[in-house]
Amino acid sequence: MDQRPAIELRGLTRHFGERTALRGVSVRVAAGATLAVLGHNGAGKSTLLRILATLLRPHAGEVSILGEPLPRRGFAVRAKLGLLAHEPLLYRDLSGWENLVYHARLHGVGERRVEELLESVDMRRRAEDPVRLLSRGMVQRLAVCRAVLHKPALLLLDEPRASLDPAASELVEPLIGRGTGATRVITSHDPSAAVAEADLVLGLKDGRPAFVGPPEKLDARELRELYA
Amino acid sequence: MTVLRKDLLLELRTFETVPAMILFSIVTFVIFHFGLNQATIDGQLAGGVLTVTLLFAAMLGVNRLFVAEREQGGFDAFLLAPVDRSAMLIAKASALFAFLVVLEVVAVPAFGLLLLGPSLGPPLLGLIAVLALADVALAVIGTLVSAIAVNTRARDLVGPVIGLPLLIPALIATARAAAPLLAVHGSGAPPGKWVAVLALYDLVFALLAYAVFDFLLED
Amino acid sequence: MTYGRGLRGLSLATAATISLALGLVFFYAPLDADQGFVQKIFYIHVPLAIVSLCGFILGGLLAIGYLRTGERQWDVRSYVAIHMSLIFGIAGLITGSIWAKASWGHWWVWNEPTLVSFLIVLLLYATYQPLRFAIEDPERQSRYASVFAVTAGAFVPLNFIAVRLAQQYVHPRILTLSGGNLPGSMRLTFLVSLLGIALLFVTLWKYELAAKNTRAQIRALRRSLLGEESVRPLGRSAAPS
């Protein structure tokens, strides 16, 4: 087991113009652990995920992911992380199969893996349909496949179950659940579900860390305050 | 390569951009016919009409080039992959180049049929060479400008407004190089001076685009 | 950043050089045999055009600085250089037009390659500020504007080559850029004017930078002393600060 923390943030700060989206966020996540990021809309959850995903560069503070400092070693990190973002990141006019094969090629993964994944989320039948014709839940299942194509060691999940019914949620569990062994960062509007999965909770309020600690320590009052 | 395959596939599926470019150029020939009130044209005028029409048709393609990436998360997905970012420039410029070639395969014969006085046969090889060089210029500048414009508000305005002045030297060189080819008793070979200018233009901007393109993808 | 340093001396030098240049233009340089008095606009027009073109290229070089370091200061410098060059360039275009009317009888002549190239360059740079204005995020605005400035900076010389080649015949011009056929007194006057306009450019550039810098510092001070809410957010703007 890797002894280095999978994610280490020290004083992470990011501005958008004069607005500060994140200020002084520090957290350590052990390899294989799950971090839940909570906060109201605009608290900085998505910004944090995009920085971890190397899509945004930090303005101050230190970020190190899987032992690699960002943004300098972004290239090395990219191969090892999977992002399930708000948008599915799929082309609407291509079929699910074509989309996944495209991403598989970008990541240097074979078509066998795509077939397996489609099978596991029960999307074989609709794999040839253009993505624009699929329901939101189906698109989300494809997006999960896309995020885990290359078996990433770090999963960044933005509202992973937002549009999935319980049955579909079951289906993707082996891909993005705890069983994968990957380090996970989960954001959610629904704090109770996310907290139940988490080893560590980071509460953000207006870009500032309002709570960092194990989920047991987070009591109802603090939770309410996060969303106030 | 992968990105290029995907782009061509996407165009095949949606079948939007290239047909629109072709239709646009043919309509433009008809408009020129009435605007100039001439049944046939040749020489410098023909070179100018052909070049200007292709330039404006190319702008349609330029406007669409990155729209799918922007609206459907293609940029993010590409940036998440452990791939060199310049691959995006090369793929997009190749895609645009391919679109332009398809456009010209239809539009140039249509031009010969509708407007051009002299026959297209003898100067064809020279014309292909000139247009290929012009397509490189259009593809490189088009990709660069499109990548700038797609992340701005009013992107369909910003693209042509920046792209057209940048392309004026290429336009001059193409029109001048094509003129003797399309003249009544024209020569079979394009004038070397203008081919050289066009080639120089291609080279300079290809290198420049390669150098600056990465900055357009980062956030 | 202390853009203010040396500004007073520079301003005085500029004023002195421009006064000297004007003195030379009106009292020293001989009247042109063909064109008479109106030819003297040449001493303003050509330096304006040359300085503005150099300013555009300077803007591109400063933009490289931004792309290499990511420091905002470089983008501000590049922005101010291009902004100034645009103003100088438009002034150059107007004076050129007056000169053309006086000596050739037309406000605009297409077979003067320098004039045409200059117009194309101005048209391109006229899109610089609309481009900035169309980008919301300030960091992205700086990055994209720098990419534009670098590309356009390389475009300037290339454009001049292409347009110059395109002219079959060139009007008899007073000045080939080497200044070969210029009589000595005219040449001296021209060089002093050029120096004066160049100094004017640098002085104005530094003034504008100093002003922008001061404004930004005041804003930052207000924000830290009075709290973030006390300062109204910046409106959407084409100018970096």
# chains A, B, ... in the order shown; residues from 1 in each chain; ligands from 1

call {"tool": "closest_atom_pairs", "arguments": {"of": "chain B", "to": "chain C", "cutoff": "8 Å", "atoms": "only C-alpha atoms", "output": "CSV"}}
result
residue,atom,partner,partner_atom,distance
B:Ile148,CA,C:Tyr144,CA,6.5
B:Asn151,CA,C:Ile135,CA,7.2
B:Thr152,CA,C:Ile135,CA,4.9
B:Arg153,CA,C:Ala134,CA,5.1
B:Ala154,CA,C:Ala134,CA,7.0
B:Val158,CA,C:Leu131,CA,6.6
B:Val161,CA,C:Thr127,CA,6.8
B:Ile162,CA,C:Thr127,CA,6.2
B:Pro165,CA,C:Leu124,CA,5.4
B:Leu166,CA,C:Leu124,CA,6.8
B:Ile168,CA,C:Ile120,CA,7.8
B:Pro169,CA,C:Ala162,CA,5.6
B:Ile172,CA,C:Ala166,CA,7.4
B:Ala173,CA,C:Ala162,CA,7.3
B:Val197,CA,C:Ala162,CA,6.9
B:Tyr201,CA,C:Leu158,CA,7.4
B:Phe205,CA,C:Thr151,CA,7.9
B:Leu208,CA,C:Thr151,CA,6.9
B:Ala209,CA,C:Thr151,CA,7.9
B:Val212,CA,C:Val147,CA,6.2
B:Phe215,CA,C:Arg143,CA,6.7
B:Leu216,CA,C:Tyr144,CA,6.5
B:Asp219,CA,C:Arg140,CA,6.9

call {"tool": "write_last_selection", "arguments": {"atoms": "N, CA and C atoms", "output": "CSV table (one decimal), in the first residue's frame"}}
result
chain,number,residue,atom,x,y,z
B,148,ILE,N,-9.9,30.7,-30.6
B,148,ILE,CA,-10.0,31.9,-29.8
B,148,ILE,C,-11.5,32.3,-29.7
B,151,ASN,N,-14.5,30.5,-27.2
B,151,ASN,CA,-14.7,30.8,-25.8
B,151,ASN,C,-15.1,32.2,-25.5
B,152,THR,N,-15.5,33.0,-26.5
B,152,THR,CA,-16.0,34.3,-26.3
B,152,THR,C,-17.5,34.4,-26.4
B,153,ARG,N,-18.1,35.4,-25.9
B,153,ARG,CA,-19.5,35.7,-26.2
B,153,ARG,C,-19.5,36.1,-27.7
B,154,ALA,N,-20.6,36.0,-28.3
B,154,ALA,CA,-20.7,36.4,-29.7
B,154,ALA,C,-19.6,35.8,-30.6
B,158,VAL,N,-16.9,37.1,-33.6
B,158,VAL,CA,-15.5,37.3,-33.3
B,158,VAL,C,-14.6,36.6,-34.3
B,161,VAL,N,-14.3,38.3,-37.9
B,161,VAL,CA,-13.8,39.6,-37.8
B,161,VAL,C,-12.3,39.6,-37.5
B,162,ILE,N,-11.8,38.6,-36.8
B,162,ILE,CA,-10.4,38.4,-36.6
B,162,ILE,C,-9.8,37.7,-37.8
B,165,PRO,N,-9.1,39.8,-41.7
B,165,PRO,CA,-7.9,40.6,-41.9
B,165,PRO,C,-6.6,39.7,-41.9
B,166,LEU,N,-6.6,38.7,-41.0
B,166,LEU,CA,-5.4,37.8,-41.0
B,166,LEU,C,-5.2,37.1,-42.3
B,168,ILE,N,-6.0,38.2,-45.3
B,168,ILE,CA,-5.9,39.0,-46.5
B,168,ILE,C,-4.6,38.7,-47.3
B,169,PRO,N,-3.4,38.6,-46.7
B,169,PRO,CA,-2.2,38.3,-47.5
B,169,PRO,C,-2.4,37.0,-48.3
B,172,ILE,N,-4.7,37.7,-51.2
B,172,ILE,CA,-4.0,38.3,-52.3
B,172,ILE,C,-3.2,37.3,-53.1
B,173,ALA,N,-2.4,36.5,-52.4
B,173,ALA,CA,-1.5,35.6,-53.0
B,173,ALA,C,-2.3,34.6,-53.8
B,197,VAL,N,5.0,33.2,-51.8
B,197,VAL,CA,4.4,34.0,-50.7
B,197,VAL,C,3.4,33.2,-49.9
B,201,TYR,N,3.6,32.1,-46.0
B,201,TYR,CA,2.5,32.5,-45.1
B,201,TYR,C,2.1,31.2,-44.4
B,205,PHE,N,2.6,30.8,-40.2
B,205,PHE,CA,1.5,30.7,-39.3
B,205,PHE,C,1.3,29.3,-38.8
B,208,LEU,N,3.6,29.4,-35.9
B,208,LEU,CA,3.1,30.3,-34.8
B,208,LEU,C,1.9,29.6,-34.1
B,209,ALA,N,1.0,29.0,-34.9
B,209,ALA,CA,-0.2,28.4,-34.3
B,209,ALA,C,0.2,27.3,-33.4
B,212,VAL,N,1.5,28.8,-30.1
B,212,VAL,CA,0.5,29.5,-29.1
B,212,VAL,C,-0.7,28.7,-28.8
B,215,PHE,N,-2.0,27.6,-25.2
B,215,PHE,CA,-2.5,28.6,-24.3
B,215,PHE,C,-4.0,28.8,-24.4
B,216,LEU,N,-4.5,28.4,-25.5
B,216,LEU,CA,-6.0,28.6,-25.8
B,216,LEU,C,-6.8,27.5,-25.1
B,219,ASP,N,-7.0,26.5,-18.7
B,219,ASP,CA,-7.9,27.3,-18.0
B,219,ASP,C,-7.3,27.9,-16.7

call {"tool": "interface_residues", "arguments": {"of": "chain A", "to": "chain C", "cutoff": "9 Å", "atoms": "only C-alpha atoms", "output": "list in words"}}
result
Phe16, Gly17, Glu18 and Arg19 of chain A

call {"tool": "write_last_selection", "arguments": {"atoms": "N, CA, C and O atoms", "output": "compact mmCIF listing (two decimals), in the first residue's frame"}}
result
# COMPACT_ATOMS: atom_id res chain seq x y z
N PHE A 16 -11.42 33.90 -9.42
CA PHE A 16 -11.93 34.19 -10.75
C PHE A 16 -12.04 35.70 -10.83
O PHE A 16 -12.97 36.28 -10.28
N GLY A 17 -11.06 36.33 -11.45
CA GLY A 17 -11.04 37.78 -11.42
C GLY A 17 -10.82 38.23 -9.98
O GLY A 17 -9.90 37.78 -9.32
N GLU A 18 -11.71 39.08 -9.47
CA GLU A 18 -11.55 39.54 -8.10
C GLU A 18 -12.26 38.65 -7.10
O GLU A 18 -12.04 38.72 -5.91
N ARG A 19 -13.15 37.79 -7.63
CA ARG A 19 -13.89 36.90 -6.75
C ARG A 19 -12.98 35.74 -6.36
O ARG A 19 -12.23 35.21 -7.17

call {"tool": "atom_distance", "arguments": {"atom1": "CA of Ala53 (chain A)", "atom2": "CA of Gly108 (chain A)"}}
result
18.6 Å

call {"tool": "interface_residues", "arguments": {"of": "chain A", "to": "chain B", "cutoff": "10 Å", "atoms": "only C-alpha atoms", "output": "PyMOL selection string"}}
result
chain A and resi 50-51+53-57+74-83+85-95+98-99+101-108+130+146-147+150

call {"tool": "residues_around", "arguments": {"residues": "region 119-131 of chain B", "least_positions_apart": "6", "cutoff": "7 Å", "atoms": "only C-alpha atoms", "output": "compact mmCIF listing (two decimals) with all heavy atoms, in the first residue's frame"}}
result
# COMPACT_ATOMS: atom_id res chain seq x y z
N GLY B 112 -16.48 26.35 -62.75
CA GLY B 112 -16.14 26.20 -64.15
C GLY B 112 -17.37 26.16 -65.03
O GLY B 112 -17.41 26.71 -66.13
N THR B 174 -3.40 34.04 -53.27
CA THR B 174 -4.17 33.02 -53.97
C THR B 174 -4.81 33.60 -55.23
O THR B 174 -4.73 33.01 -56.31
CB THR B 174 -5.27 32.47 -53.06
OG1 THR B 174 -4.70 32.12 -51.80
CG2 THR B 174 -5.91 31.24 -53.67
N ALA B 177 -2.17 34.24 -57.80
CA ALA B 177 -1.60 33.01 -58.35
C ALA B 177 -2.60 32.34 -59.29
O ALA B 177 -2.23 31.74 -60.29
CB ALA B 177 -1.19 32.07 -57.23
N ALA B 178 -3.88 32.45 -58.96
CA ALA B 178 -4.89 31.76 -59.77
C ALA B 178 -5.20 32.54 -61.05
O ALA B 178 -5.64 31.95 -62.04
CB ALA B 178 -6.17 31.57 -58.95
N LEU B 181 -3.88 31.38 -64.40
CA LEU B 181 -4.38 30.05 -64.71
C LEU B 181 -5.77 30.11 -65.31
O LEU B 181 -6.15 29.27 -66.11
CB LEU B 181 -4.44 29.20 -63.43
CG LEU B 181 -3.11 28.96 -62.72
CD1 LEU B 181 -3.34 28.23 -61.41
CD2 LEU B 181 -2.19 28.16 -63.62
N GLY B 188 -0.13 27.35 -67.97
CA GLY B 188 -0.51 26.19 -67.19
C GLY B 188 0.07 26.21 -65.79
O GLY B 188 -0.40 25.51 -64.91
N ALA B 189 1.08 27.04 -65.55
CA ALA B 189 1.75 27.04 -64.25
C ALA B 189 1.47 28.34 -63.51
O ALA B 189 1.44 29.41 -64.12
CB ALA B 189 3.25 26.87 -64.45
N PRO B 190 1.22 28.26 -62.22
CA PRO B 190 1.00 29.48 -61.44
C PRO B 190 2.30 30.25 -61.29
O PRO B 190 3.37 29.65 -61.29
CB PRO B 190 0.51 28.95 -60.10
CG PRO B 190 1.05 27.57 -60.01
CD PRO B 190 1.16 27.06 -61.40
N VAL B 195 3.13 31.74 -55.39
CA VAL B 195 3.17 30.44 -54.71
C VAL B 195 4.14 30.51 -53.54
O VAL B 195 3.86 30.00 -52.45
CB VAL B 195 3.56 29.33 -55.71
CG1 VAL B 195 3.75 28.01 -54.98
CG2 VAL B 195 2.50 29.20 -56.78

call {"tool": "closest_atom_pairs", "arguments": {"of": "region 131-199 of chain B", "to": "region 51-64 of chain B", "cutoff": "7 Å", "atoms": "only C-alpha atoms", "output": "JSON lines"}}
result
{"residue": "B:Gly142", "atom": "CA", "partner": "B:Val62", "partner_atom": "CA", "distance": 5.4}
{"residue": "B:Thr143", "atom": "CA", "partner": "B:Val62", "partner_atom": "CA", "distance": 6.7}
{"residue": "B:Ser146", "atom": "CA", "partner": "B:Val62", "partner_atom": "CA", "distance": 5.7}
{"residue": "B:Asp156", "atom": "CA", "partner": "B:Asn63", "partner_atom": "CA", "distance": 5.8}
{"residue": "B:Gly159", "atom": "CA", "partner": "B:Asn63", "partner_atom": "CA", "distance": 6.6}
{"residue": "B:Pro160", "atom": "CA", "partner": "B:Met59", "partner_atom": "CA", "distance": 6.4}
{"residue": "B:Leu171", "atom": "CA", "partner": "B:Thr51", "partner_atom": "CA", "distance": 6.7}
{"residue": "B:Thr174", "atom": "CA", "partner": "B:Thr51", "partner_atom": "CA", "distance": 6.7}
{"residue": "B:Ala175", "atom": "CA", "partner": "B:Thr51", "partner_atom": "CA", "distance": 5.9}

call {"tool": "write_last_selection", "arguments": {"atoms": "C-alpha atoms", "output": "compact mmCIF listing (two decimals), in the first residue's frame"}}
result
# COMPACT_ATOMS: atom_id res chain seq x y z
CA GLY B 142 -9.25 29.07 -39.25
CA THR B 143 -8.40 26.66 -36.45
CA SER B 146 -11.96 29.40 -34.13
CA ASP B 156 -19.79 33.77 -34.60
CA GLY B 159 -14.21 34.52 -35.59
CA PRO B 160 -14.65 36.15 -39.01
CA LEU B 171 -6.20 36.00 -50.25
CA THR B 174 -4.17 33.02 -53.97
CA ALA B 175 -6.10 35.36 -56.22

call {"tool": "select_by_dssp", "arguments": {"residues": "region 49-100 of chain B", "states": "alpha helix (DSSP H)", "output": "PyMOL selection string"}}
result
chain B and resi 49-64+67-71+74-80+86-100

call {"tool": "residues_around", "arguments": {"residues": "Leu58 (chain C)", "least_positions_apart": "5", "cutoff": "12 Å", "atoms": "only C-alpha atoms", "output": "PyMOL selection string"}}
result
chain C and resi 51-53+63-65+74-75+77-85+146+149-150+152-154+156+201-202+205

call {"tool": "residues_around", "arguments": {"residues": "Asp165 (chain A)", "least_positions_apart": "6", "cutoff": "12 Å", "atoms": "only C-alpha atoms", "output": "list in words"}}
result
Ser135, Arg136, Gly137, Met138, Gln140, Arg141, Leu171 and Val172 of chain A

call {"tool": "select_by_dssp", "arguments": {"residues": "region 1-56 of chain A", "states": "strand (DSSP E or B)", "output": "list in words"}}
result
Ile7, Glu8, Leu9, Arg10, Gly11, Leu12, Thr13, Arg14, His15, Phe16, Arg19, Thr20, Ala21, Leu22, Arg23, Gly24, Val25, Ser26, Val27, Arg28, Val29, Thr34, Leu35, Ala36, Val37 and Leu38 of chain A

call {"tool": "closest_residue", "arguments": {"among": "C:Ile44, C:Leu20, C:Val109, C:Ala210", "to": "Tyr3 (chain C)", "atoms": "only C-alpha atoms"}}
result
C:Ala210
